[in-house]
file final_6.pdb (PDB, C-alpha atoms and all ligand atoms)
ATOM      1  CA  MET A   6     -67.293  22.340   3.349
ATOM      2  CA  LEU A   7     -63.561  21.587   3.227
ATOM      3  CA  THR A   8     -62.873  25.068   4.594
ATOM      4  CA  ASP A   9     -65.083  24.238   7.611
ATOM      5  CA  LEU A  10     -62.847  21.237   8.202
ATOM      6  CA  GLY A  11     -59.660  23.307   8.026
ATOM      7  CA  VAL A  12     -58.626  21.358   4.934
ATOM      8  CA  THR A  13     -57.364  22.676   1.591
ATOM      9  CA  GLN A  14     -57.820  20.558  -1.496
ATOM     10  CA  VAL A  15     -54.814  20.593  -3.826
ATOM     11  CA  THR A  16     -55.914  19.345  -7.233
ATOM     12  CA  ILE A  17     -53.009  18.068  -9.293
ATOM     13  CA  PRO A  18     -53.534  17.610 -13.064
ATOM     14  CA  LEU A  19     -52.812  14.157 -14.543
ATOM     15  CA  PRO A  20     -52.028  13.330 -18.186
ATOM     16  CA  PHE A  21     -54.829  10.732 -18.464
ATOM     17  CA  ARG A  22     -58.551  10.647 -19.226
ATOM     18  CA  LEU A  23     -58.899  10.699 -15.429
ATOM     19  CA  ASN A  24     -57.287  14.104 -15.526
ATOM     20  CA  HIS A  25     -56.667  15.026 -11.903
ATOM     21  CA  VAL A  26     -56.031  13.717  -8.413
ATOM     22  CA  ASN A  27     -57.204  15.461  -5.259
ATOM     23  CA  CYS A  28     -54.478  15.835  -2.657
ATOM     24  CA  PHE A  29     -55.120  17.557   0.653
ATOM     25  CA  LEU A  30     -53.323  19.911   3.023
ATOM     26  CA  ALA A  31     -54.173  20.668   6.646
ATOM     27  CA  GLU A  32     -52.554  21.435   9.955
ATOM     28  CA  GLY A  33     -51.528  18.309  11.798
ATOM     29  CA  ALA A  34     -50.319  17.621  15.316
ATOM     30  CA  ARG A  35     -46.778  18.926  14.713
ATOM     31  CA  GLY A  36     -46.903  21.020  11.537
ATOM     32  CA  TRP A  37     -48.648  20.763   8.202
ATOM     33  CA  THR A  38     -49.742  17.419   6.801
ATOM     34  CA  ILE A  39     -50.225  16.496   3.147
ATOM     35  CA  ILE A  40     -52.369  13.581   1.987
ATOM     36  CA  ASP A  41     -51.091  12.191  -1.361
ATOM     37  CA  ALA A  42     -48.670  13.807  -3.765
ATOM     38  CA  GLY A  43     -49.525  13.284  -7.457
ATOM     39  CA  LEU A  44     -47.181  11.911 -10.139
ATOM     40  CA  ASN A  45     -43.612  13.080 -10.326
ATOM     41  CA  THR A  46     -44.069  15.627 -13.118
ATOM     42  CA  THR A  47     -43.153  19.287 -13.540
ATOM     43  CA  ILE A  48     -46.871  20.090 -13.204
ATOM     44  CA  SER A  49     -46.972  18.491  -9.741
ATOM     45  CA  ARG A  50     -43.819  20.360  -8.784
ATOM     46  CA  ASP A  51     -45.368  23.662  -9.875
ATOM     47  CA  CYS A  52     -48.541  22.929  -7.894
ATOM     48  CA  TRP A  53     -46.679  22.070  -4.698
ATOM     49  CA  GLN A  54     -43.912  24.672  -4.844
ATOM     50  CA  PRO A  55     -45.898  27.707  -3.612
ATOM     51  CA  ILE A  56     -47.535  25.551  -0.928
ATOM     52  CA  ILE A  57     -44.325  24.191   0.538
ATOM     53  CA  GLU A  58     -42.840  27.686   0.508
ATOM     54  CA  LYS A  59     -45.644  28.901   2.799
ATOM     55  CA  HIS A  60     -46.132  25.880   5.079
ATOM     56  CA  GLU A  61     -43.814  23.810   7.181
ATOM     57  CA  ILE A  62     -44.694  20.304   6.010
ATOM     58  CA  THR A  63     -43.909  17.701   8.666
ATOM     59  CA  ASP A  64     -45.925  14.709   7.473
ATOM     60  CA  ILE A  65     -46.989  13.149   4.179
ATOM     61  CA  ILE A  66     -49.695  10.485   4.319
ATOM     62  CA  LEU A  67     -49.924   8.229   1.265
ATOM     63  CA  THR A  68     -53.283   6.533   0.889
ATOM     64  CA  HIS A  69     -51.883   3.877  -1.472
ATOM     65  CA  TYR A  70     -48.985   3.149  -3.805
ATOM     66  CA  HIS A  71     -50.517   3.963  -7.214
ATOM     67  CA  PRO A  72     -48.370   6.452  -9.161
ATOM     68  CA  ASP A  73     -50.958   9.264  -9.236
ATOM     69  CA  HIS A  74     -50.886   9.363  -5.413
ATOM     70  CA  PHE A  75     -47.400   8.147  -4.562
ATOM     71  CA  GLY A  76     -45.270   9.361  -7.491
ATOM     72  CA  TYR A  77     -44.228  12.815  -6.299
ATOM     73  CA  SER A  78     -43.930  11.876  -2.617
ATOM     74  CA  GLY A  79     -40.192  11.143  -2.690
ATOM     75  CA  LYS A  80     -39.438  14.491  -4.256
ATOM     76  CA  LEU A  81     -41.814  16.250  -1.862
ATOM     77  CA  GLN A  82     -40.074  14.539   1.054
ATOM     78  CA  GLN A  83     -36.663  15.665  -0.205
ATOM     79  CA  LEU A  84     -37.900  19.245  -0.489
ATOM     80  CA  THR A  85     -39.610  19.379   2.915
ATOM     81  CA  ASN A  86     -37.868  16.774   5.115
ATOM     82  CA  ALA A  87     -41.324  15.529   6.018
ATOM     83  CA  GLU A  88     -41.946  12.062   7.401
ATOM     84  CA  VAL A  89     -43.866   9.702   5.146
ATOM     85  CA  TRP A  90     -46.665   7.428   6.369
ATOM     86  CA  MET A  91     -47.939   4.377   4.478
ATOM     87  CA  THR A  92     -49.418   0.976   5.165
ATOM     88  CA  GLU A  93     -46.759  -1.706   5.283
ATOM     89  CA  VAL A  94     -48.211  -3.604   2.340
ATOM     90  CA  ASP A  95     -48.413  -0.601   0.028
ATOM     91  CA  ALA A  96     -44.993   0.695   1.063
ATOM     92  CA  HIS A  97     -43.670  -2.667  -0.123
ATOM     93  CA  ASN A  98     -45.707  -2.442  -3.347
ATOM     94  CA  GLY A  99     -44.624   1.122  -4.115
ATOM     95  CA  LEU A 100     -40.950   0.382  -3.547
ATOM     96  CA  THR A 101     -40.885  -2.797  -5.662
ATOM     97  CA  PHE A 102     -43.568  -2.701  -8.361
ATOM     98  CA  TRP A 103     -41.630  -0.669 -10.950
ATOM     99  CA  GLU A 104     -38.303  -2.404 -10.336
ATOM    100  CA  PRO A 105     -36.827  -4.537 -13.172
ATOM    101  CA  ASP A 106     -37.585  -7.972 -11.607
ATOM    102  CA  SER A 107     -41.198  -7.018 -11.087
ATOM    103  CA  LEU A 108     -41.584  -5.679 -14.640
ATOM    104  CA  VAL A 109     -40.197  -8.925 -16.071
ATOM    105  CA  GLU A 110     -42.907 -10.719 -14.111
ATOM    106  CA  VAL A 111     -45.542  -8.260 -15.368
ATOM    107  CA  ASP A 112     -44.494  -9.045 -18.950
ATOM    108  CA  ARG A 113     -44.593 -12.796 -18.298
ATOM    109  CA  ASN A 114     -48.054 -12.456 -16.771
ATOM    110  CA  TYR A 115     -49.387 -10.511 -19.761
ATOM    111  CA  GLN A 116     -48.286 -13.374 -21.977
ATOM    112  CA  MET A 117     -50.568 -15.722 -20.027
ATOM    113  CA  CYS A 118     -53.563 -13.463 -20.783
ATOM    114  CA  GLY A 119     -53.708 -14.434 -24.458
ATOM    115  CA  LEU A 120     -52.793 -10.963 -25.708
ATOM    116  CA  PRO A 121     -51.407 -10.453 -29.200
ATOM    117  CA  SER A 122     -47.643 -10.178 -28.585
ATOM    118  CA  HIS A 123     -47.361  -6.572 -29.832
ATOM    119  CA  LEU A 124     -49.983  -5.585 -27.261
ATOM    120  CA  SER A 125     -48.273  -7.299 -24.322
ATOM    121  CA  THR A 126     -45.045  -5.488 -25.276
ATOM    122  CA  GLU A 127     -46.873  -2.150 -25.467
ATOM    123  CA  LEU A 128     -48.526  -2.731 -22.099
ATOM    124  CA  THR A 129     -45.247  -3.589 -20.396
ATOM    125  CA  THR A 130     -43.618  -0.543 -22.018
ATOM    126  CA  ASP A 131     -46.447   1.623 -20.696
ATOM    127  CA  GLU A 132     -45.934   0.156 -17.214
ATOM    128  CA  LYS A 133     -42.194   0.837 -17.434
ATOM    129  CA  SER A 134     -42.831   4.445 -18.433
ATOM    130  CA  PHE A 135     -44.074   5.081 -14.894
ATOM    131  CA  ASN A 136     -40.649   4.369 -13.447
ATOM    132  CA  ALA A 137     -39.526   7.985 -13.813
ATOM    133  CA  GLN A 138     -42.826   9.280 -12.460
ATOM    134  CA  VAL A 139     -42.597   7.397  -9.158
ATOM    135  CA  LYS A 140     -38.963   8.167  -8.381
ATOM    136  CA  PRO A 141     -37.196   9.198  -6.277
ATOM    137  CA  TYR A 142     -38.920   6.818  -3.886
ATOM    138  CA  PRO A 143     -39.953   8.194  -0.505
ATOM    139  CA  LYS A 144     -38.254   6.950   2.611
ATOM    140  CA  VAL A 145     -41.221   5.556   4.512
ATOM    141  CA  SER A 146     -40.844   6.648   8.130
ATOM    142  CA  HIS A 147     -44.038   5.308   9.723
ATOM    143  CA  THR A 148     -46.489   2.481   9.176
ATOM    144  CA  LEU A 149     -50.180   3.358   9.040
ATOM    145  CA  GLU A 150     -52.161   0.951  11.231
ATOM    146  CA  GLU A 151     -55.886   0.246  11.319
ATOM    147  CA  GLY A 152     -57.592   2.404  13.967
ATOM    148  CA  MET A 153     -54.737   4.875  14.248
ATOM    149  CA  LYS A 154     -55.954   8.465  14.850
ATOM    150  CA  ILE A 155     -54.565  11.379  12.880
ATOM    151  CA  LEU A 156     -55.291  15.067  13.436
ATOM    152  CA  PHE A 157     -55.962  16.703  10.067
ATOM    153  CA  GLY A 158     -57.222  20.279  10.214
ATOM    154  CA  LYS A 159     -59.955  20.794  12.812
ATOM    155  CA  TYR A 160     -60.738  17.131  13.370
ATOM    156  CA  GLU A 161     -59.206  13.796  14.090
ATOM    157  CA  TYR A 162     -59.607  10.936  11.616
ATOM    158  CA  GLU A 163     -59.400   7.231  12.141
ATOM    159  CA  ILE A 164     -57.378   5.209   9.646
ATOM    160  CA  LEU A 165     -59.520   2.449   8.114
ATOM    161  CA  PHE A 166     -58.058  -0.317   5.988
ATOM    162  CA  THR A 167     -60.159  -0.677   2.848
ATOM    163  CA  PRO A 168     -58.282  -3.049   0.504
ATOM    164  CA  GLY A 169     -59.583  -3.738  -3.003
ATOM    165  CA  HIS A 170     -58.411  -0.911  -5.274
ATOM    166  CA  SER A 171     -54.961  -1.587  -3.836
ATOM    167  CA  ASP A 172     -53.934  -4.167  -1.247
ATOM    168  CA  GLY A 173     -53.026  -1.516   1.312
ATOM    169  CA  LEU A 174     -55.549   1.243   0.532
ATOM    170  CA  ILE A 175     -56.695   3.357   3.486
ATOM    171  CA  THR A 176     -59.583   5.740   4.010
ATOM    172  CA  LEU A 177     -59.828   8.356   6.790
ATOM    173  CA  TYR A 178     -62.977   8.572   8.911
ATOM    174  CA  ASN A 179     -64.292  11.181  11.316
ATOM    175  CA  LYS A 180     -67.230   9.748  13.260
ATOM    176  CA  GLU A 181     -68.354  12.913  15.024
ATOM    177  CA  ASN A 182     -69.113  14.689  11.732
ATOM    178  CA  SER A 183     -69.750  11.544   9.678
ATOM    179  CA  ILE A 184     -67.061  12.397   7.135
ATOM    180  CA  LEU A 185     -64.945  10.036   5.093
ATOM    181  CA  PHE A 186     -61.908  10.838   2.991
ATOM    182  CA  SER A 187     -62.767   7.948   0.707
ATOM    183  CA  THR A 188     -59.495   8.122  -1.318
ATOM    184  CA  ASP A 189     -59.943   5.745  -4.295
ATOM    185  CA  HIS A 190     -62.222   3.329  -2.437
ATOM    186  CA  ILE A 191     -65.490   5.129  -3.230
ATOM    187  CA  LEU A 192     -65.512   7.537  -6.176
ATOM    188  CA  PRO A 193     -68.514   9.563  -7.311
ATOM    189  CA  ARG A 194     -68.616   9.058 -11.094
ATOM    190  CA  ILE A 195     -66.371   6.157 -11.991
ATOM    191  CA  SER A 196     -66.061   2.782 -10.354
ATOM    192  CA  PRO A 197     -62.599   2.419  -8.804
ATOM    193  CA  ASN A 198     -60.389   0.066 -10.766
ATOM    194  CA  ILE A 199     -60.224  -3.335  -9.108
ATOM    195  CA  SER A 200     -57.413  -5.314 -10.669
ATOM    196  CA  TYR A 201     -55.723  -8.633 -10.147
ATOM    197  CA  TRP A 202     -52.100  -8.876 -11.309
ATOM    198  CA  PHE A 203     -51.181 -12.436 -10.315
ATOM    199  CA  ARG A 204     -49.792 -11.152  -7.006
ATOM    200  CA  GLY A 205     -50.965  -9.711  -3.692
ATOM    201  CA  ILE A 206     -54.488 -10.261  -2.342
ATOM    202  CA  ARG A 207     -55.800 -13.406  -4.020
ATOM    203  CA  ASN A 208     -59.355 -12.105  -4.562
ATOM    204  CA  PRO A 209     -59.295  -8.291  -4.739
ATOM    205  CA  LEU A 210     -62.920  -8.023  -5.886
ATOM    206  CA  GLN A 211     -64.064  -9.933  -2.794
ATOM    207  CA  ALA A 212     -61.797  -7.699  -0.671
ATOM    208  CA  PHE A 213     -63.374  -4.626  -2.288
ATOM    209  CA  PHE A 214     -66.890  -5.903  -1.504
ATOM    210  CA  MET A 215     -65.912  -6.445   2.134
ATOM    211  CA  SER A 216     -64.376  -2.965   2.318
ATOM    212  CA  LEU A 217     -67.577  -1.484   0.864
ATOM    213  CA  GLU A 218     -69.652  -3.351   3.481
ATOM    214  CA  LYS A 219     -67.324  -2.049   6.186
ATOM    215  CA  ILE A 220     -67.987   1.565   5.151
ATOM    216  CA  LYS A 221     -71.695   0.925   4.580
ATOM    217  CA  LYS A 222     -72.054   0.057   8.281
ATOM    218  CA  LEU A 223     -70.781   3.534   9.189
ATOM    219  CA  ASP A 224     -73.582   5.233   7.234
ATOM    220  CA  VAL A 225     -71.303   8.110   6.237
ATOM    221  CA  ASP A 226     -72.971  11.434   5.378
ATOM    222  CA  PHE A 227     -70.197  13.269   3.601
ATOM    223  CA  VAL A 228     -67.609  11.749   1.282
ATOM    224  CA  ILE A 229     -64.444  13.466   0.055
ATOM    225  CA  PRO A 230     -62.919  11.394  -2.772
ATOM    226  CA  SER A 231     -59.457  11.517  -4.376
ATOM    227  CA  HIS A 232     -60.956  11.964  -7.857
ATOM    228  CA  GLY A 233     -64.053  14.083  -8.483
ATOM    229  CA  LYS A 234     -66.085  16.257  -6.159
ATOM    230  CA  PRO A 235     -67.239  15.655  -2.586
ATOM    231  CA  PHE A 236     -70.710  14.107  -2.355
ATOM    232  CA  LYS A 237     -73.342  13.107   0.179
ATOM    233  CA  ASN A 238     -74.480   9.682   1.308
ATOM    234  CA  ALA A 239     -71.799   7.023   1.003
ATOM    235  CA  THR A 240     -74.349   4.220   1.266
ATOM    236  CA  ASN A 241     -76.146   5.210  -1.973
ATOM    237  CA  ARG A 242     -72.906   5.152  -3.892
ATOM    238  CA  ILE A 243     -71.839   1.871  -2.263
ATOM    239  CA  GLU A 244     -75.098   0.246  -3.416
ATOM    240  CA  GLU A 245     -74.470   1.481  -6.967
ATOM    241  CA  LEU A 246     -70.921   0.111  -6.963
ATOM    242  CA  LEU A 247     -72.037  -3.269  -5.613
ATOM    243  CA  LEU A 248     -74.734  -3.487  -8.282
ATOM    244  CA  HIS A 249     -72.315  -2.482 -11.040
ATOM    245  CA  HIS A 250     -69.920  -5.289 -10.119
ATOM    246  CA  GLN A 251     -72.702  -7.816  -9.683
ATOM    247  CA  GLU A 252     -73.848  -7.036 -13.236
ATOM    248  CA  ARG A 253     -70.296  -7.265 -14.525
ATOM    249  CA  ILE A 254     -69.740 -10.621 -12.811
ATOM    250  CA  GLU A 255     -72.871 -11.925 -14.558
ATOM    251  CA  GLU A 256     -71.754 -10.481 -17.882
ATOM    252  CA  VAL A 257     -68.318 -12.119 -17.572
ATOM    253  CA  TYR A 258     -69.935 -15.409 -16.584
ATOM    254  CA  GLY A 259     -72.041 -15.197 -19.753
ATOM    255  CA  TYR A 260     -68.868 -14.987 -21.872
ATOM    256  CA  LEU A 261     -67.493 -18.234 -20.454
ATOM    257  CA  LYS A 262     -69.825 -20.703 -22.164
ATOM    258  CA  LYS A 263     -66.805 -21.751 -24.204
ATOM    259  CA  PRO A 264     -63.184 -21.640 -22.935
ATOM    260  CA  SER A 265     -61.972 -18.033 -23.226
ATOM    261  CA  THR A 266     -58.723 -16.209 -22.641
ATOM    262  CA  ILE A 267     -58.498 -13.164 -20.393
ATOM    263  CA  PHE A 268     -57.964 -11.028 -23.500
ATOM    264  CA  GLU A 269     -61.031 -12.456 -25.253
ATOM    265  CA  VAL A 270     -63.249 -11.638 -22.277
ATOM    266  CA  ASN A 271     -61.609  -8.236 -21.937
ATOM    267  CA  SER A 272     -62.351  -7.402 -25.601
ATOM    268  CA  LYS A 273     -66.033  -8.138 -25.062
ATOM    269  CA  LEU A 274     -66.220  -6.039 -21.892
ATOM    270  CA  PHE A 275     -64.234  -2.998 -23.006
ATOM    271  CA  LYS A 276     -63.969  -1.177 -26.319
ATOM    272  CA  LYS A 277     -61.833   1.670 -27.645
ATOM    273  CA  LEU A 278     -59.286   2.032 -24.880
ATOM    274  CA  THR A 279     -55.869   3.679 -24.854
ATOM    275  CA  ILE A 280     -52.886   1.517 -23.913
ATOM    276  CA  HIS A 281     -52.881   2.998 -20.416
ATOM    277  CA  GLU A 282     -56.585   2.182 -20.019
ATOM    278  CA  THR A 283     -56.106  -1.314 -21.467
ATOM    279  CA  ARG A 284     -53.783  -2.156 -18.571
ATOM    280  CA  PHE A 285     -56.516  -1.322 -16.069
ATOM    281  CA  ALA A 286     -59.104  -3.125 -18.182
ATOM    282  CA  ILE A 287     -57.087  -6.368 -18.297
ATOM    283  CA  GLY A 288     -56.545  -6.233 -14.529
ATOM    284  CA  GLU A 289     -60.246  -5.578 -13.962
ATOM    285  CA  THR A 290     -61.290  -8.436 -16.270
ATOM    286  CA  LEU A 291     -58.919 -10.776 -14.478
ATOM    287  CA  ALA A 292     -60.243  -9.713 -11.053
ATOM    288  CA  HIS A 293     -63.758 -10.675 -12.176
ATOM    289  CA  LEU A 294     -62.589 -13.970 -13.705
ATOM    290  CA  GLU A 295     -60.719 -14.884 -10.525
ATOM    291  CA  TYR A 296     -63.757 -13.961  -8.428
ATOM    292  CA  LEU A 297     -65.805 -16.433 -10.497
ATOM    293  CA  TYR A 298     -63.053 -19.046 -10.282
ATOM    294  CA  LEU A 299     -62.630 -18.692  -6.512
ATOM    295  CA  SER A 300     -66.392 -18.936  -5.982
ATOM    296  CA  ASN A 301     -66.424 -22.166  -8.042
ATOM    297  CA  GLN A 302     -68.433 -20.678 -10.894
ATOM    298  CA  CYS A 303     -65.784 -21.366 -13.515
ATOM    299  CA  ASN A 304     -62.725 -23.515 -14.106
ATOM    300  CA  LYS A 305     -59.420 -22.429 -15.546
ATOM    301  CA  GLU A 306     -56.695 -24.257 -17.364
ATOM    302  CA  LEU A 307     -53.222 -23.255 -18.555
ATOM    303  CA  ILE A 308     -52.862 -24.409 -22.167
ATOM    304  CA  ASN A 309     -49.544 -23.717 -23.944
ATOM    305  CA  GLY A 310     -48.833 -20.862 -21.522
ATOM    306  CA  THR A 311     -52.245 -19.166 -21.839
ATOM    307  CA  TRP A 312     -55.042 -19.250 -19.268
ATOM    308  CA  PHE A 313     -58.500 -20.347 -20.432
ATOM    309  CA  TYR A 314     -61.582 -19.863 -18.258
ATOM    310  CA  GLU A 315     -64.824 -21.768 -18.724
ATOM    311  CA  ALA A 316     -68.116 -21.631 -16.813
ATOM    312  CA  VAL A 317     -69.102 -24.719 -14.804
TER     313      VAL A 317
HETATM  314 ZN    ZN B 401     -56.134   7.415  -7.817
END

call {"tool": "encode", "arguments": {"input": "final_6.pdb", "output": "structure tokens", "more": "lines below"}}
Ligand SMILES: [Zn+2]
result
Amino acid sequence: MLTDLGVTQVTIPLPFRLNHVNCFLAEGARGWTIIDAGLNTTISRDCWQPIIEKHEITDIILTHYHPDHFGYSGKLQQLTNAEVWMTEVDAHNGLTFWEPDSLVEVDRNYQMCGLPSHLSTELTTDEKSFNAQVKPYPKVSHTLEEGMKILFGKYEYEILFTPGHSDGLITLYNKENSILFSTDHILPRISPNISYWFRGIRNPLQAFFMSLEKIKKLDVDFVIPSHGKPFKNATNRIEELLLHHQERIEEVYGYLKKPSTIFEVNSKLFKKLTIHETRFAIGETLAHLEYLYLSNQCNKELINGTWFYEAV
């Protein structure tokens, strides 16, 4: 299928349970274009090296700022002189999130979640460990805008803003063939992490629902995700994701009969996680709590520096 589109998938291994990211290579309007780069690791370098030796890379499109997509882009840009394209909001996020001021804020925010202090230190340390894997930063040359058209292989794709998984996440849509590069917006086997981190879009879960509805209207036949294998029928998967979150919202609501910290709710929702996974879990729990709070289904109160949520 990808061959018919003139697109090559470049699967880059990742050192996590989610053990790979799908990047893509195709001919663009001026030379070769890459979508997403992987983490800055020697494995990513070894994957890209033979490719950049054989192709003149002129453009790198970054679908969002998360390290597994953005991390190697600066290095790849240095090696190829390519121009880098990102949404304005995620360019800002990628260039600031792992900086010292931001990490101090991350640490302060964890303390408001009611975590045992050793755990909040471990989580911040884990966050800091990404610093080396996202640098050097790319020099962002162009801003991706909603509706912009990009030639990628045999076809042209429209840039669609689909915030939720990140504030500036894009997907790429070809109407004629009903194809969507769904990036991390719609994944086949796992539900994309939707996190709130006390910054950015105020209600990311609501944003994610709206982005799912936006894609549902397109009735896409063929979906090419950034993790996992291509699959058919976007609408089926969208329905599953909506249902999953609806059930989780109800589950979280059920835990709020008495005032609960973010960590207490998180511990009921998720078991047996690594530190890296715990970060995503806390963000996901908080996104659901804030969804309930912003839809007036619970109250929250800051007591001695810790947030408590309680159902109304
Ligand atoms: Zn990803």

call {"tool": "residues_near_ligand", "arguments": {"input": "final_6.pdb", "ligand": "ligand ZN 401 (chain B)", "cutoff": "12 Å", "atoms": "only C-alpha atoms and all ligand atoms", "output": "ChimeraX atom specification"}}
result
/A:16-19,21,23-28,41-44,67-76,170-171,174,187-192,195-199,230-233

call {"tool": "resolve_selection", "arguments": {"input": "final_6.pdb", "expression": "the PyMOL selection byres (((chain A and resi 108) around 12) and not hetatm)", "output": "list in words"}}
result
Thr101, Phe102, Trp103, Glu104, Pro105, Asp106, Ser107, Val109, Glu110, Val111, Asp112, Arg113, Asn114, Tyr115, Ser125, Thr126, Leu128, Thr129, Thr130, Asp131, Glu132, Lys133, Ser134, Phe135, Asn136 and Trp202 of chain A

call {"tool": "closest_residue", "arguments": {"input": "final_6.pdb", "among": "A:Thr283, A:Thr266, A:Gln251, A:Ser49", "to": "Glu306 in chain A", "atoms": "all atoms listed in the file"}}
result
A:Thr266

call {"tool": "resolve_selection", "arguments": {"input": "final_6.pdb", "expression": "the PyMOL selection byres (((chain A and resi 228) around 12) and not hetatm)", "output": "short mmCIF file (atom, residue, chain, number, x, y, z; two decimals) with C-alpha atoms, in the frame of the given file"}}
result
data_model
loop_
_atom_site.label_atom_id
_atom_site.label_comp_id
_atom_site.auth_asym_id
_atom_site.auth_seq_id
_atom_site.Cartn_x
_atom_site.Cartn_y
_atom_site.Cartn_z
CA MET A 6 -67.29 22.34 3.35
CA LEU A 7 -63.56 21.59 3.23
CA THR A 176 -59.58 5.74 4.01
CA LEU A 177 -59.83 8.36 6.79
CA TYR A 178 -62.98 8.57 8.91
CA ASN A 179 -64.29 11.18 11.32
CA ASN A 182 -69.11 14.69 11.73
CA SER A 183 -69.75 11.54 9.68
CA ILE A 184 -67.06 12.40 7.14
CA LEU A 185 -64.94 10.04 5.09
CA PHE A 186 -61.91 10.84 2.99
CA SER A 187 -62.77 7.95 0.71
CA THR A 188 -59.50 8.12 -1.32
CA ASP A 189 -59.94 5.74 -4.30
CA HIS A 190 -62.22 3.33 -2.44
CA ILE A 191 -65.49 5.13 -3.23
CA LEU A 192 -65.51 7.54 -6.18
CA PRO A 193 -68.51 9.56 -7.31
CA ILE A 220 -67.99 1.56 5.15
CA LEU A 223 -70.78 3.53 9.19
CA ASP A 224 -73.58 5.23 7.23
CA VAL A 225 -71.30 8.11 6.24
CA ASP A 226 -72.97 11.43 5.38
CA PHE A 227 -70.20 13.27 3.60
CA ILE A 229 -64.44 13.47 0.06
CA PRO A 230 -62.92 11.39 -2.77
CA SER A 231 -59.46 11.52 -4.38
CA HIS A 232 -60.96 11.96 -7.86
CA GLY A 233 -64.05 14.08 -8.48
CA LYS A 234 -66.08 16.26 -6.16
CA PRO A 235 -67.24 15.66 -2.59
CA PHE A 236 -70.71 14.11 -2.36
CA LYS A 237 -73.34 13.11 0.18
CA ASN A 238 -74.48 9.68 1.31
CA ALA A 239 -71.80 7.02 1.00
CA THR A 240 -74.35 4.22 1.27
CA ASN A 241 -76.15 5.21 -1.97
CA ARG A 242 -72.91 5.15 -3.89
CA ILE A 243 -71.84 1.87 -2.26
#

call {"tool": "resolve_selection", "arguments": {"input": "final_6.pdb", "expression": "the PyMOL selection byres (((chain A and resi 94) around 10) and not hetatm)", "output": "list in words"}}
result
His69, Tyr70, Met91, Thr92, Glu93, Asp95, Ala96, His97, Asn98, Gly99, Thr148, Leu149, Ser171, Asp172, Gly173, Leu174 and Gly205 of chain A

call {"tool": "closest_residue", "arguments": {"input": "final_6.pdb", "among": "A:Leu291, A:Asn301, A:Arg284, A:Trp90", "to": "Arg204 in chain A", "atoms": "all atoms listed in the file"}}
result
A:Leu291

call {"tool": "residues_near_point", "arguments": {"input": "final_6.pdb", "point": "(-42.3, 23.5, 4.6)", "cutoff": "10 Å", "atoms": "all atoms listed in the file", "output": "number ranges by chain"}}
result
A: 36-38, 54-64, 81-82, 84-87

call {"tool": "atom_distance", "arguments": {"input": "final_6.pdb", "atom1": "CA of Leu100 in chain A", "atom2": "CA of Ile66 in chain A"}}
result
15.5 Å

call {"tool": "atom_distance", "arguments": {"input": "final_6.pdb", "atom1": "CA of Glu315 in chain A", "atom2": "CA of Pro264 in chain A"}}
result
4.5 Å

call {"tool": "closest_residue", "arguments": {"input": "final_6.pdb", "among": "A:Asn45, A:Tyr298, A:Ala31, A:Tyr201", "to": "Gln14 in chain A", "atoms": "only C-alpha atoms"}}
result
A:Ala31

call {"tool": "residues_near_point", "arguments": {"input": "final_6.pdb", "point": "(-57.6, -12.3, -25.3)", "cutoff": "6 Å", "atoms": "only C-alpha atoms", "output": "PDB file with C-alpha atoms, keeping the file's coordinate frame"}}
result
ATOM      1  CA  GLY A 119     -53.708 -14.434 -24.458  1.00  0.00           C
ATOM      2  CA  LEU A 120     -52.793 -10.963 -25.708  1.00  0.00           C
ATOM      3  CA  THR A 266     -58.723 -16.209 -22.641  1.00  0.00           C
ATOM      4  CA  ILE A 267     -58.498 -13.164 -20.393  1.00  0.00           C
ATOM      5  CA  PHE A 268     -57.964 -11.028 -23.500  1.00  0.00           C
ATOM      6  CA  GLU A 269     -61.031 -12.456 -25.253  1.00  0.00           C
TER       7      GLU A 269
END

call {"tool": "closest_residue", "arguments": {"input": "final_6.pdb", "among": "A:Ser265, A:Val89, A:Ala34, A:Glu244", "to": "Lys305 in chain A", "atoms": "all atoms listed in the file"}}
result
A:Ser265

call {"tool": "residues_around", "arguments": {"input": "final_6.pdb", "residues": "Phe275 in chain A", "least_positions_apart": "6", "cutoff": "10 Å", "atoms": "only C-alpha atoms", "output": "JSON, numbers by chain"}}
result
{"A": [282, 283, 286, 287, 290]}

call {"tool": "closest_residue", "arguments": {"input": "final_6.pdb", "among": "A:Met117, A:Val12, A:Leu261, A:Leu217", "to": "Glu245 in chain A", "atoms": "all atoms listed in the file"}}
result
A:Leu217

call {"tool": "atom_distance", "arguments": {"input": "final_6.pdb", "atom1": "CA of Ile48 in chain A", "atom2": "CA of Val145 in chain A"}}
result
23.6 Å

call {"tool": "closest_residue", "arguments": {"input": "final_6.pdb", "among": "A:Gly158, A:Gly259, A:Gly152, A:Gly288", "to": "Pro209 in chain A", "atoms": "only C-alpha atoms"}}
result
A:Gly288
